[in-house]
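With mmCIF, C-alpha atoms inside, this is model15.cif:
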data_structure
loop_
_atom_site.label_atom_id
_atom_site.label_comp_id
_atom_site.auth_asym_id
_atom_site.auth_seq_id
_atom_site.Cartn_x
_atom_site.Cartn_y
_atom_site.Cartn_z
CA MET A 22 92.99 102.00 76.35
CA LYS A 23 94.44 105.52 76.44
CA LYS A 24 91.24 107.37 77.38
CA LYS A 25 89.40 104.45 78.94
CA VAL A 26 91.70 103.65 81.86
CA LEU A 27 93.25 105.76 84.62
CA GLY A 28 96.01 104.10 86.66
CA ILE A 29 95.95 104.63 90.45
CA ILE A 30 98.98 103.25 92.31
CA LEU A 31 98.69 102.96 96.10
CA GLY A 32 101.88 103.79 97.94
CA GLY A 33 100.92 101.92 101.10
CA GLY A 34 101.33 102.83 104.75
CA GLN A 35 104.44 103.29 106.85
CA GLY A 36 105.96 100.02 105.62
CA SER A 37 106.91 98.91 109.13
CA ARG A 38 107.58 95.31 107.99
CA LEU A 39 110.18 96.63 105.53
CA GLN A 40 112.04 98.65 108.16
CA PRO A 41 114.81 99.85 108.09
CA LEU A 42 114.53 100.16 104.27
CA THR A 43 111.49 102.42 104.74
CA THR A 44 112.91 104.61 107.51
CA THR A 45 113.57 107.54 105.17
CA ARG A 46 111.65 106.50 102.03
CA SER A 47 108.18 105.25 101.12
CA LYS A 48 107.71 101.62 100.06
CA PRO A 49 107.35 102.44 96.34
CA ALA A 50 110.72 104.25 96.46
CA VAL A 51 112.70 101.26 97.80
CA PRO A 52 115.44 100.30 95.29
CA ILE A 53 115.18 96.87 93.63
CA ALA A 54 117.38 94.91 91.20
CA GLY A 55 120.28 97.33 91.59
CA LYS A 56 118.90 100.19 89.47
CA TYR A 57 115.10 100.36 89.74
CA ARG A 58 112.55 101.44 92.34
CA LEU A 59 109.52 99.35 93.35
CA VAL A 60 107.19 101.95 91.85
CA ASP A 61 108.78 101.33 88.44
CA ILE A 62 107.05 97.93 88.33
CA PRO A 63 103.37 99.02 88.26
CA ILE A 64 104.22 102.09 86.16
CA SER A 65 106.08 99.96 83.59
CA ASN A 66 103.24 97.42 83.50
CA CYS A 67 100.80 100.26 82.80
CA ILE A 68 102.93 101.85 80.06
CA ASN A 69 103.54 98.45 78.43
CA SER A 70 99.74 97.98 78.44
CA GLY A 71 99.05 101.33 76.76
CA ILE A 72 97.99 103.08 79.98
CA ASP A 73 99.97 106.32 80.29
CA ARG A 74 97.99 108.42 82.76
CA MET A 75 98.76 107.53 86.36
CA PHE A 76 98.55 108.86 89.89
CA VAL A 77 100.72 107.53 92.73
CA LEU A 78 99.12 108.02 96.17
CA THR A 79 101.43 108.30 99.15
CA GLN A 80 101.75 110.01 102.51
CA PHE A 81 104.90 108.68 104.23
CA ASN A 82 108.44 109.78 103.37
CA SER A 83 107.47 110.77 99.84
CA ALA A 84 110.39 113.14 99.02
CA SER A 85 112.63 110.54 97.31
CA LEU A 86 109.63 109.08 95.47
CA ASN A 87 108.64 112.53 94.18
CA LYS A 88 112.20 113.13 92.99
CA HIS A 89 112.41 109.76 91.24
CA ILE A 90 109.12 110.20 89.39
CA LYS A 91 109.92 113.81 88.43
CA ASN A 92 113.31 112.77 87.00
CA THR A 93 112.05 109.62 85.28
CA TYR A 94 108.61 109.87 83.73
CA ASN A 95 108.69 112.86 81.39
CA PHE A 96 106.34 112.54 78.42
CA SER A 97 105.95 114.58 75.25
CA PHE A 98 104.34 118.01 75.48
CA PHE A 99 102.05 116.93 72.64
CA ASN A 100 100.06 114.27 74.52
CA ASP A 101 98.29 114.08 77.87
CA ALA A 102 100.39 111.30 79.42
CA PHE A 103 101.57 111.81 83.02
CA VAL A 104 102.68 110.14 86.23
CA ASP A 105 101.82 112.40 89.17
CA VAL A 106 102.32 111.91 92.91
CA LEU A 107 99.38 112.78 95.14
CA ALA A 108 100.46 113.03 98.77
CA ALA A 109 97.80 113.00 101.48
CA GLU A 110 96.58 116.55 101.97
CA GLN A 111 94.47 118.26 104.58
CA THR A 112 91.58 120.31 103.19
CA PRO A 113 88.86 122.50 104.76
CA GLY A 114 86.52 119.50 104.55
CA ASN A 115 88.95 116.85 105.75
CA SER A 116 91.78 117.01 108.28
CA ASN A 117 92.65 113.28 108.27
CA TRP A 118 95.50 111.46 106.55
CA PHE A 119 94.73 108.39 104.43
CA GLN A 120 93.15 105.75 106.67
CA GLY A 121 93.24 102.85 104.19
CA THR A 122 93.27 101.98 100.49
CA ALA A 123 89.65 102.99 99.82
CA ASP A 124 89.99 106.13 101.92
CA ALA A 125 93.10 107.16 99.97
CA VAL A 126 91.17 106.90 96.69
CA ARG A 127 88.15 108.67 98.21
CA GLN A 128 90.24 111.63 99.40
CA SER A 129 91.93 111.91 95.99
CA MET A 130 88.80 111.40 93.88
CA HIS A 131 88.36 115.10 93.10
CA HIS A 132 91.73 114.99 91.30
CA PHE A 133 90.77 111.87 89.32
CA LEU A 134 87.42 113.27 88.20
CA GLN A 135 89.12 116.13 86.41
CA HIS A 136 90.25 113.59 83.80
CA GLU A 137 88.42 111.52 81.19
CA TRP A 138 88.23 107.79 82.03
CA ASP A 139 85.75 104.92 82.17
CA TYR A 140 87.71 102.53 84.37
CA ALA A 141 90.07 102.99 87.31
CA LEU A 142 92.90 100.44 87.46
CA ILE A 143 93.96 100.34 91.12
CA LEU A 144 97.39 98.84 91.81
CA SER A 145 99.75 98.27 94.71
CA GLY A 146 103.12 100.00 94.75
CA ASP A 147 104.97 97.11 96.42
CA GLN A 148 104.56 94.06 94.18
CA LEU A 149 106.87 92.38 91.67
CA TYR A 150 105.23 91.04 88.51
CA GLN A 151 104.98 91.60 84.73
CA MET A 152 101.39 91.79 83.58
CA ASP A 153 99.65 93.06 80.46
CA PHE A 154 96.44 94.69 81.70
CA THR A 155 94.90 94.79 78.23
CA GLU A 156 93.23 91.37 78.56
CA MET A 157 91.93 92.15 82.06
CA VAL A 158 90.35 95.41 80.83
CA ARG A 159 88.83 93.60 77.83
CA GLN A 160 87.28 90.90 80.05
CA HIS A 161 85.96 93.53 82.45
CA GLU A 162 84.34 95.45 79.62
CA GLU A 163 82.81 92.41 77.90
CA SER A 164 81.45 90.93 81.14
CA LYS A 165 79.78 94.26 82.06
CA ALA A 166 81.14 93.91 85.60
CA GLU A 167 81.30 96.75 88.12
CA ILE A 168 84.55 95.40 89.60
CA SER A 169 87.20 93.01 88.33
CA ILE A 170 89.86 91.54 90.62
CA ALA A 171 93.13 90.01 89.44
CA THR A 172 93.55 86.63 91.15
CA GLN A 173 96.40 84.19 91.43
CA PRO A 174 95.89 80.44 91.91
CA VAL A 175 97.72 79.37 95.09
CA SER A 176 98.28 76.14 97.00
CA GLU A 177 96.68 75.17 100.31
CA LYS A 178 99.94 76.00 102.06
CA ASP A 179 99.93 79.59 100.77
CA ALA A 180 96.16 80.18 100.80
CA THR A 181 95.98 80.86 104.54
CA GLY A 182 98.00 84.06 104.05
CA PHE A 183 95.69 85.67 101.47
CA GLY A 184 92.17 86.87 100.89
CA ILE A 185 90.60 83.92 99.03
CA LEU A 186 87.82 84.30 96.44
CA LYS A 187 85.39 81.64 95.23
CA THR A 188 84.08 81.83 91.66
CA ASN A 189 81.46 80.10 89.54
CA ALA A 190 82.06 78.63 86.07
CA ASP A 191 82.07 82.02 84.29
CA ASN A 192 84.59 83.61 86.71
CA THR A 193 81.97 85.62 88.59
CA ILE A 194 83.05 85.93 92.24
CA GLN A 195 80.49 84.40 94.61
CA SER A 196 82.15 84.85 98.00
CA PHE A 197 85.28 86.06 99.80
CA ILE A 198 87.14 85.06 102.96
CA GLU A 199 90.14 86.81 104.51
CA LYS A 200 93.07 84.49 105.43
CA PRO A 201 91.06 81.28 105.96
CA SER A 202 92.24 78.58 108.35
CA ALA A 203 93.48 75.28 106.90
CA ASP A 204 90.29 73.41 107.86
CA GLN A 205 88.16 75.92 105.88
CA LEU A 206 90.08 75.52 102.61
CA PRO A 207 88.27 72.46 101.16
CA ASP A 208 85.17 74.64 100.73
CA TRP A 209 87.12 77.42 98.97
CA THR A 210 88.40 75.83 95.78
CA SER A 211 87.66 77.38 92.36
CA GLU A 212 87.97 76.31 88.74
CA VAL A 213 91.54 76.89 87.54
CA SER A 214 93.57 75.87 84.50
CA ASP A 215 94.85 72.31 84.10
CA LYS A 216 98.41 73.58 84.63
CA MET A 217 97.43 75.11 87.97
CA LYS A 218 95.56 71.95 89.00
CA LYS A 219 98.66 69.84 88.38
CA GLU A 220 100.63 72.18 90.64
CA GLY A 221 97.98 71.87 93.38
CA ARG A 222 97.01 75.55 93.08
CA ASN A 223 93.22 75.36 93.40
CA HIS A 224 92.50 78.45 95.51
CA LEU A 225 92.16 81.96 94.08
CA ALA A 226 94.03 84.64 96.02
CA SER A 227 93.34 88.32 95.50
CA MET A 228 96.40 90.10 94.08
CA GLY A 229 95.23 93.54 95.24
CA ILE A 230 94.79 94.62 91.61
CA TYR A 231 91.32 96.00 90.83
CA ILE A 232 89.34 97.57 87.96
CA PHE A 233 86.37 99.73 88.97
CA ASN A 234 83.81 101.40 86.75
CA ARG A 235 83.96 105.17 87.15
CA GLY A 236 80.33 105.63 88.17
CA PHE A 237 80.31 102.76 90.66
CA LEU A 238 83.60 103.78 92.28
CA SER A 239 82.46 107.38 92.77
CA LYS A 240 79.09 106.26 94.14
CA VAL A 241 80.30 103.58 96.57
CA LEU A 242 83.02 105.81 98.06
CA GLU A 243 80.60 108.72 98.45
CA GLU A 244 77.72 106.70 99.93
CA HIS A 245 79.84 104.58 102.29
CA LYS A 246 82.25 107.07 103.81
CA ASP A 247 82.92 104.81 106.79
CA THR A 248 84.57 102.16 104.58
CA LEU A 249 88.35 102.50 104.59
CA ASP A 250 89.72 99.47 102.73
CA PHE A 251 89.05 97.80 99.39
CA GLY A 252 90.05 94.24 100.27
CA GLY A 253 88.44 94.10 103.70
CA GLU A 254 85.28 96.17 103.15
CA ILE A 255 84.41 97.48 99.66
CA ILE A 256 85.00 94.20 97.79
CA PRO A 257 83.20 91.82 100.23
CA GLN A 258 80.20 94.18 100.44
CA ALA A 259 79.98 94.50 96.64
CA ILE A 260 80.09 90.74 95.92
CA ASP A 261 76.51 90.19 97.14
CA LYS A 262 75.08 93.21 95.29
CA GLN A 263 77.16 93.80 92.14
CA LYS A 264 78.78 91.78 89.39
CA VAL A 265 82.37 91.21 90.49
CA MET A 266 84.65 89.24 88.15
CA SER A 267 87.87 87.31 88.69
CA PHE A 268 90.70 87.65 86.18
CA GLN A 269 93.05 84.72 86.68
CA TYR A 270 96.76 85.46 86.28
CA GLY A 271 99.11 82.49 86.22
CA GLY A 272 102.44 84.29 85.86
CA TYR A 273 105.02 85.26 88.47
CA TRP A 274 103.75 87.60 91.18
CA THR A 275 105.01 88.32 94.67
CA ASP A 276 104.08 90.82 97.33
CA ILE A 277 107.11 92.72 98.68
CA GLY A 278 105.79 93.07 102.21
CA THR A 279 108.66 91.89 104.39
CA ILE A 280 112.45 91.96 104.47
CA ALA A 281 112.49 88.21 103.70
CA SER A 282 110.22 88.52 100.63
CA PHE A 283 112.18 91.57 99.42
CA PHE A 284 115.48 89.70 99.84
CA ASP A 285 114.23 86.55 98.09
CA ALA A 286 112.72 88.51 95.20
CA ASN A 287 115.98 90.34 94.51
CA LEU A 288 118.26 87.32 94.78
CA GLY A 289 115.81 85.33 92.63
CA LEU A 290 116.75 87.63 89.75
CA THR A 291 120.19 85.96 89.65
CA ASP A 292 118.75 82.52 88.79
CA SER A 293 119.67 81.08 85.38
CA ILE A 294 116.02 81.26 84.34
CA PRO A 295 114.46 83.76 86.77
CA ASP A 296 110.71 83.85 87.40
CA PHE A 297 110.83 87.63 86.87
CA ASN A 298 112.52 88.28 83.52
CA LEU A 299 114.30 91.63 83.27
CA PHE A 300 115.47 90.72 79.76
CA ASP A 301 112.02 90.43 78.12
CA LYS A 302 111.90 93.38 75.71
CA SER A 303 108.11 93.24 75.43
CA LYS A 304 107.80 93.68 79.21
CA SER A 305 110.62 96.17 79.81
CA VAL A 306 111.01 97.62 83.29
CA LEU A 307 111.47 101.36 82.88
CA THR A 308 113.42 103.62 85.20
CA ARG A 309 115.48 106.79 85.36
CA ALA A 310 118.03 107.15 82.57
CA ARG A 311 121.39 107.81 84.22
CA ILE A 312 124.56 108.92 82.46
CA LEU A 313 126.98 106.53 84.15
CA PRO A 314 130.14 104.77 82.96
CA PRO A 315 130.14 100.97 82.64
CA SER A 316 131.16 99.06 85.73
CA LYS A 317 134.91 98.32 86.03
CA ILE A 318 135.74 94.87 87.41
CA THR A 319 139.26 93.76 88.35
CA GLY A 320 140.28 90.24 89.44
CA THR A 321 136.78 89.16 90.45
CA ALA A 322 135.20 85.71 90.00
CA LEU A 323 131.50 86.21 89.28
CA GLU A 324 128.78 83.57 89.63
CA LYS A 325 125.06 84.30 89.12
CA THR A 326 125.45 88.00 89.76
CA LEU A 327 123.71 91.10 88.42
CA ILE A 328 125.90 94.21 88.29
CA ALA A 329 124.45 97.63 87.55
CA GLU A 330 126.36 100.42 85.86
CA GLY A 331 128.94 102.72 87.40
CA GLY A 332 130.60 100.25 89.76
CA ILE A 333 134.29 99.93 90.69
CA ILE A 334 134.75 96.34 91.80
CA SER A 335 137.96 94.58 92.89
CA ALA A 336 136.44 91.80 95.00
CA SER A 337 137.84 88.25 94.96
CA ARG A 338 134.43 86.63 94.45
CA ILE A 339 130.80 87.66 94.12
CA GLU A 340 128.16 84.91 94.07
CA ARG A 341 124.34 85.00 93.85
CA SER A 342 124.22 88.71 94.51
CA VAL A 343 122.82 91.93 93.07
CA VAL A 344 125.25 94.86 92.92
CA GLY A 345 123.65 98.28 92.51
CA ILE A 346 124.70 101.49 90.78
CA ARG A 347 128.03 103.18 91.67
CA SER A 348 128.99 100.32 93.99
CA ARG A 349 132.55 100.13 95.25
CA ILE A 350 133.92 96.78 96.54
CA GLY A 351 137.51 96.46 97.69
CA VAL A 352 140.33 93.97 97.06
CA GLY A 353 140.13 90.50 98.59
CA THR A 354 136.44 90.79 99.53
CA THR A 355 133.93 87.94 99.14
CA VAL A 356 130.22 88.68 98.69
CA SER A 357 127.52 86.01 98.53
CA ASN A 358 123.71 85.97 98.81
CA THR A 359 123.71 89.74 99.15
CA TYR A 360 121.88 92.73 97.70
CA ILE A 361 124.09 95.83 97.56
CA MET A 362 121.94 98.84 96.65
CA GLY A 363 124.89 101.04 95.69
CA ASN A 364 125.47 104.76 96.07
CA ASP A 365 123.75 107.98 95.05
CA HIS A 366 127.01 109.71 94.08
CA TYR A 367 130.76 109.21 93.78
CA GLN A 368 133.14 110.52 96.40
CA SER A 369 135.48 113.25 95.22
CA ILE A 370 139.30 112.98 95.46
CA GLU A 371 139.15 115.42 98.38
CA GLU A 372 136.55 113.32 100.22
CA ILE A 373 138.61 110.17 99.73
CA ALA A 374 141.72 111.96 101.04
CA ASP A 375 139.74 113.05 104.09
CA CYS A 376 138.64 109.44 104.68
CA ILE A 377 142.27 108.31 104.59
CA GLN A 378 143.31 111.01 107.04
CA THR A 379 140.44 110.41 109.48
CA LYS A 380 140.47 106.61 108.97
CA LYS A 381 136.78 106.68 108.06
CA PRO A 382 135.62 103.96 105.60
CA TYR A 383 134.94 104.96 102.01
CA MET A 384 131.42 104.69 100.63
CA GLY A 385 130.95 101.05 99.67
CA ILE A 386 132.64 97.90 100.95
CA GLY A 387 136.30 97.82 101.94
CA ASP A 388 139.12 95.30 101.49
CA ARG A 389 139.26 91.69 102.74
CA CYS A 390 135.62 91.62 103.87
CA TYR A 391 133.23 88.67 103.97
CA ILE A 392 129.56 89.56 103.37
CA ASN A 393 126.86 86.86 103.32
CA ASN A 394 123.02 86.92 103.62
CA CYS A 395 122.97 90.68 103.73
CA ILE A 396 121.24 93.77 102.33
CA VAL A 397 123.49 96.85 102.13
CA ASP A 398 121.35 99.98 101.82
CA LYS A 399 122.33 103.07 99.83
CA ASN A 400 125.47 105.06 100.72
CA ALA A 401 126.59 102.73 103.51
CA ARG A 402 130.29 102.58 104.44
CA ILE A 403 131.79 99.22 105.39
CA GLY A 404 135.43 99.32 106.45
CA ASN A 405 138.23 96.80 105.89
CA ASP A 406 138.30 93.25 107.34
CA VAL A 407 134.58 93.33 108.22
CA ARG A 408 132.80 89.98 108.56
CA ILE A 409 129.00 89.90 108.19
CA ASN A 410 127.51 86.41 108.16
CA GLY A 411 123.73 86.42 108.23
CA GLY A 412 121.68 83.31 108.84
CA THR A 413 119.15 81.67 111.12
CA HIS A 414 121.74 81.55 113.90
CA LEU A 415 121.25 85.31 114.37
CA LYS A 416 118.43 86.65 116.53
CA ASP A 417 116.32 89.59 115.36
CA VAL A 418 117.86 92.84 116.58
CA ASP A 419 117.85 96.54 115.71
CA THR A 420 120.92 98.71 116.28
CA LYS A 421 122.00 102.17 115.16
CA THR A 422 123.82 100.83 112.09
CA TYR A 423 122.14 97.52 111.23
CA THR A 424 119.02 95.41 111.70
CA VAL A 425 118.65 91.62 111.66
CA ARG A 426 115.32 90.25 110.39
CA ASP A 427 114.73 86.53 109.77
CA GLY A 428 118.49 85.95 109.66
CA ILE A 429 119.05 88.69 107.07
CA VAL A 430 121.45 91.47 108.10
CA VAL A 431 120.35 94.87 106.79
CA ILE A 432 123.07 97.55 106.87
CA LYS A 433 121.22 100.85 107.16
CA SER A 434 121.44 103.72 104.69
CA LYS A 435 124.52 105.90 105.35
CA ALA A 436 125.60 103.60 108.18
CA VAL A 437 129.32 103.40 109.01
CA ILE A 438 130.60 99.92 109.89
CA LYS A 439 134.08 100.25 111.38
CA SER A 440 137.00 98.16 110.15
CA GLY A 441 137.27 94.76 111.87
CA THR A 442 133.58 94.61 112.84
CA VAL A 443 132.02 91.12 113.09
CA ILE A 444 128.26 90.60 112.82
#

Step by step, read the file and then write its structure as structure tokens.
Amino acid sequence: MKKKVLGIILGGGQGSRLQPLTTTRSKPAVPIAGKYRLVDIPISNCINSGIDRMFVLTQFNSASLNKHIKNTYNFSFFNDAFVDVLAAEQTPGNSNWFQGTADAVRQSMHHFLQHEWDYALILSGDQLYQMDFTEMVRQHEESKAEISIATQPVSEKDATGFGILKTNADNTIQSFIEKPSADQLPDWTSEVSDKMKKEGRNHLASMGIYIFNRGFLSKVLEEHKDTLDFGGEIIPQAIDKQKVMSFQYGGYWTDIGTIASFFDANLGLTDSIPDFNLFDKSKSVLTRARILPPSKITGTALEKTLIAEGGIISASRIERSVVGIRSRIGVGTTVSNTYIMGNDHYQSIEEIADCIQTKKPYMGIGDRCYINNCIVDKNARIGNDVRINGGTHLKDVDTKTYTVRDGIVVIKSKAVIKSGTVI
């Protein structure tokens, strides 16, 4: 696998559906599970599959992503492993930014071709899943396909939101339709496992995970310079002319495209038996090694809660929540159904003294607060006696300090919520 496969991770566009979490950072840099970044998922999946040469393509707000990758993925000097960020760049021959997934790979191809590889594994930077790519690469190689696409069996209810592929008996893809209507679905079923059939998941959705042969990828991007996207253009055009294979994946997979899906994915980690298992040693999620003390918890009742390191927590109760690194939660506070991302640093004694003098909230959550159905972004300051109760009763709104999306209140990064505020 080492020399055969090059990993290419697509950082995505502006991430407007994840605003305000993507206001100052790219989608792959958004913190998940209290201590990781989204980009850690595809990188970890690659490393766990024996693929240790990767490029991450991005063009929006890439500073924090660059910093994270630089501080995290340092390999031995005695091998050729790397994780490098390639930001969109203007050249004498091209003055455009990335226009789509295929265009991003096309513009970066001259960097890829400097390395030895037979297959390009193209991944999204904003998905949550644990997948061993070894079997997919093996099937691709043995089938002598030009392209392989990872697919997920989905139900009729979910199928209308995906690109749906139809396969024959040997998993060769015969046709493709983008987000079919409900009345079209009976004609778009494929052969799936008995387990999937029992669950009513008879339609194959593209996961946005592709393997391309080196020669074919170079040729198709060079000859069809007007094509900008893999899912909408390159793949459908190739199905009629080339051998394109489906690799069915039946495990947990979710696309982190909206605030609601991001919120659900994080809180799902608190389930007794979560769909995404952070505790599986064979599928470890890797991230930056931080030298932080263990979290200190005083007088707090905890129920289905993940707590990262470095926290100082004196809350009354925390339930079905994820508490990120260096979080501070004050006395008498109740937190439920909430993702607290934590803080990038601790406040000094002098800074805390200044907060007391100026009556400015500390970093973190103050005393006697009630926080429910909420995402608290990094380095936010929530004062004392603040009540935030998200839910469907709230209309979507965007203010200077918080946003409401689908009933979820998102406190913005570095926002200051004054004591006594009610949302």

| request: Might you pull out every residue within 12 Å of Thr45 (chain A), with only C-alpha atoms counted and same-chain residues fewer than 5 positions away left off, and present them as a VMD selection string? | output: chain A and resid 35 to 37 39 to 40 50 to 51 81 to 86 398 to 399 433 to 435

Using C-alpha atoms, can you export the residues from the last selection as a tab-separated table (two decimals), in the coordinates of the input?
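Result went into result-v2.tsv, see below:
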chain	number	residue	atom	x	y	z
A	35	GLN	CA	104.44	103.29	106.85
A	36	GLY	CA	105.96	100.02	105.62
A	37	SER	CA	106.91	98.91	109.13
A	39	LEU	CA	110.18	96.63	105.53
A	40	GLN	CA	112.04	98.65	108.16
A	50	ALA	CA	110.72	104.25	96.46
A	51	VAL	CA	112.70	101.26	97.80
A	81	PHE	CA	104.90	108.68	104.23
A	82	ASN	CA	108.44	109.78	103.37
A	83	SER	CA	107.47	110.77	99.84
A	84	ALA	CA	110.39	113.14	99.02
A	85	SER	CA	112.63	110.54	97.31
A	86	LEU	CA	109.63	109.08	95.47
A	398	ASP	CA	121.35	99.98	101.82
A	399	LYS	CA	122.33	103.07	99.83
A	433	LYS	CA	121.22	100.85	107.16
A	434	SER	CA	121.44	103.72	104.69
A	435	LYS	CA	124.52	105.90	105.35

| query | Which residues fall under the PyMOL selection byres ((chain A and resi 299-313) around 6) in this file, as a VMD selection string? | reply | chain A and resid 57 65 93 298 314 331

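Of the residues under consideration (A:Ser227, A:Thr420, A:Asn234, A:Ser129), A:Asn234 shows the shortest atom-to-atom contact distance to Lys25 (chain A) when counting only C-alpha atoms.
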
| task | Name the residues that the PyMOL selection byres ((chain A and resi 347) around 8) pulls out of this structure, and write them as a ChimeraX atom specification. | result | /A:316,329-333,345-346,348-349,363-367

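Selection result for the displayed file, with the PyMOL selection byres ((chain A and resi 268) around 9) as criterion, is Glu156, Met157, Gln160, His161, Ser169, Ile170, Ala171, Thr172, Gln173, Asn192, Met266, Ser267, Gln269 and Tyr270 of chain A.
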
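Of the residues listed (A:Thr193, A:Thr413, A:Ser282, A:Asn394), A:Ser282 shows the shortest atom-to-atom separation from Leu149 (chain A); distances use all atoms listed in the file.
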
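Distances to Leu42 (chain A) were evaluated for A:Ile30, A:Ile280, A:Ile62, A:Ala203 using only C-alpha atoms, and the minimum falls at A:Ile280.
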
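Distance-wise, CA of Lys91 (chain A) and CA of Leu27 (chain A) end up 18.9 Å apart.
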
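Computed from the coordinates, the CA of Gly33 (chain A) to CA of Ser47 (chain A) distance equals 8.0 Å.
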
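Of note, CA of Ser70 (chain A) and CA of Leu186 (chain A) are spaced 25.6 Å apart.
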